[in-house]
Amino acid sequence: MNVSNDFYGETPSPKAIEIADYEFFWDCVDQLAPFGSDEGYMAFVELCDWREDNPNAPLIECFNWILNSWDLNLEDYNEEILEDSNITKIIKDKSFDEDLIMLDVTIIATAFGQLILEGKIDADVKNIVQLAVLRQMNHLVLDEFLGYNEEWKYDRYKYLQILLDILKIA
């Protein structure tokens, strides 16, 4: 695979290039990829800015900042977010795009952004990232997000499964 030496103005870590050796991962226009949406791109840019201001801080502090901007705490982002009843409530409240898609995409892109910048994902955020990925894999989320496009749902699910694999070794 051919990864550019420049990813949104940053030089990717060799470890990221090695373990995230998937075209979709580096695709900046695929809406189903971690950095292809506006939210994913913005999360990466904000992580770069945050890291510049907080060079030695653990990523969990960035996650606290992200969750606080959604009026959530780390304790709120737990296994209960995966329950169909909680996902259905968000869909019915018409806050699906903002409270579910944007938040999960931001969390996912932030963590995998750390992989790109530093060649690792901090162990203490992996569970949070896993929850975000698993919620995005939920059939209710895929249906609401991608409608009746079975090909996109399949691709999205496949990408998310690969992200879980990368997360384990990052």
# chains A, B, ... in the order shown; residues from 1 in each chain; ligands from 1
>>> residues_around(residues="Val141 of chain A", least_positions_apart="5", cutoff="8 Å", atoms="only C-alpha atoms", output="PyMOL selection string")
chain A and resi 87+135-136
>>> residues_around(residues="Val133 of chain A", least_positions_apart="4", cutoff="8 Å", atoms="only C-alpha atoms", output="MDAnalysis selection string")
chainID A and resid 104 108 129 137 160 163:164
>>> write_last_selection(atoms="all heavy atoms", output="tab-separated table (two decimals), in the first residue's frame")
chain	number	residue	atom	x	y	z
A	104	ASP	N	-19.26	9.26	18.33
A	104	ASP	CA	-18.48	8.05	18.09
A	104	ASP	C	-17.38	8.28	17.05
A	104	ASP	O	-16.24	7.83	17.23
A	104	ASP	CB	-19.38	6.91	17.63
A	104	ASP	CG	-20.27	6.35	18.74
A	104	ASP	OD1	-20.07	6.72	19.92
A	104	ASP	OD2	-21.17	5.55	18.42
A	108	ILE	N	-13.43	7.72	17.71
A	108	ILE	CA	-12.67	6.80	16.86
A	108	ILE	C	-11.52	7.53	16.16
A	108	ILE	O	-10.37	7.07	16.18
A	108	ILE	CB	-13.61	6.12	15.85
A	108	ILE	CG1	-14.58	5.17	16.59
A	108	ILE	CG2	-12.83	5.38	14.78
A	108	ILE	CD1	-15.77	4.70	15.76
A	129	VAL	N	-12.79	3.48	22.93
A	129	VAL	CA	-12.77	3.37	21.47
A	129	VAL	C	-13.53	2.12	21.03
A	129	VAL	O	-14.32	2.15	20.09
A	129	VAL	CB	-11.33	3.35	20.93
A	129	VAL	CG1	-11.32	3.23	19.42
A	129	VAL	CG2	-10.58	4.59	21.39
A	137	MET	N	-21.24	-0.52	14.92
A	137	MET	CA	-21.51	-1.80	14.26
A	137	MET	C	-22.93	-2.30	14.52
A	137	MET	O	-23.39	-3.23	13.86
A	137	MET	CB	-20.50	-2.86	14.72
A	137	MET	CG	-19.09	-2.58	14.29
A	137	MET	SD	-17.88	-3.72	15.03
A	137	MET	CE	-17.98	-5.08	13.86
A	160	LEU	N	-15.18	-1.28	10.32
A	160	LEU	CA	-15.20	-1.22	11.78
A	160	LEU	C	-14.56	-2.46	12.39
A	160	LEU	O	-13.86	-2.37	13.40
A	160	LEU	CB	-16.63	-1.02	12.28
A	160	LEU	CG	-17.25	0.35	11.94
A	160	LEU	CD1	-18.75	0.32	12.14
A	160	LEU	CD2	-16.60	1.46	12.75
A	163	LEU	N	-10.96	-1.97	12.22
A	163	LEU	CA	-10.52	-1.02	13.25
A	163	LEU	C	-10.38	-1.72	14.61
A	163	LEU	O	-9.45	-1.43	15.37
A	163	LEU	CB	-11.47	0.16	13.35
A	163	LEU	CG	-11.47	1.12	12.17
A	163	LEU	CD1	-12.46	2.25	12.40
A	163	LEU	CD2	-10.08	1.68	11.88
A	164	LEU	N	-11.30	-2.64	14.93
A	164	LEU	CA	-11.17	-3.40	16.17
A	164	LEU	C	-9.88	-4.23	16.17
A	164	LEU	O	-9.20	-4.32	17.19
A	164	LEU	CB	-12.38	-4.32	16.37
A	164	LEU	CG	-13.68	-3.66	16.78
A	164	LEU	CD1	-14.81	-4.69	16.83
A	164	LEU	CD2	-13.56	-2.92	18.11
>>> residues_around(residues="Ile166 of chain A", least_positions_apart="4", cutoff="8 Å", atoms="only C-alpha atoms", output="number ranges by chain")
A: 19-20, 162, 170
>>> residues_around(residues="Ile81 of chain A", least_positions_apart="3", cutoff="10 Å", atoms="only C-alpha atoms", output="PyMOL selection string")
chain A and resi 76-78+84-87+90+100+131-132+134-135
>>> select_by_dssp(residues="segment 3-169 of chain A", states="alpha helix (DSSP H)", output="number ranges by chain")
A: 14-19, 23-26, 38-53, 59-69, 84-92, 103-118, 123-137, 139-146, 150-169
>>> closest_residue(among="A:Asp93, A:Asp122, A:Ala43, A:Leu32", to="Phe145 of chain A", atoms="only C-alpha atoms")
A:Leu32
>>> closest_residue(among="A:Met102, A:Ile107, A:Ile17, A:Leu167", to="Leu59 of chain A", atoms="only C-alpha atoms")
A:Ile107
>>> closest_residue(among="A:Arg51, A:Tyr159, A:Ile128, A:Ile169", to="Glu23 of chain A", atoms="only C-alpha atoms")
A:Tyr159
>>> closest_residue(among="A:Asp155, A:Ile116, A:Leu72, A:Phe63", to="Phe44 of chain A", atoms="only C-alpha atoms")
A:Ile116
>>> closest_residue(among="A:Phe25, A:Val45, A:Glu150, A:Asn138", to="Ile101 of chain A", atoms="only C-alpha atoms")
A:Asn138
>>> atom_distance(atom1="atom CA of Thr110 of chain A", atom2="atom CA of Leu47 of chain A")
6.1 Å
>>> atom_distance(atom1="atom CA of Ala33 of chain A", atom2="atom CA of Pro58 of chain A")
24.9 Å
>>> closest_residue(among="A:Asp99, A:Met42, A:Lys94, A:Leu117", to="Pro14 of chain A", atoms="only C-alpha atoms")
A:Leu117
>>> atom_distance(atom1="atom CA of Ala109 of chain A", atom2="atom CA of Ala57 of chain A")
17.8 Å
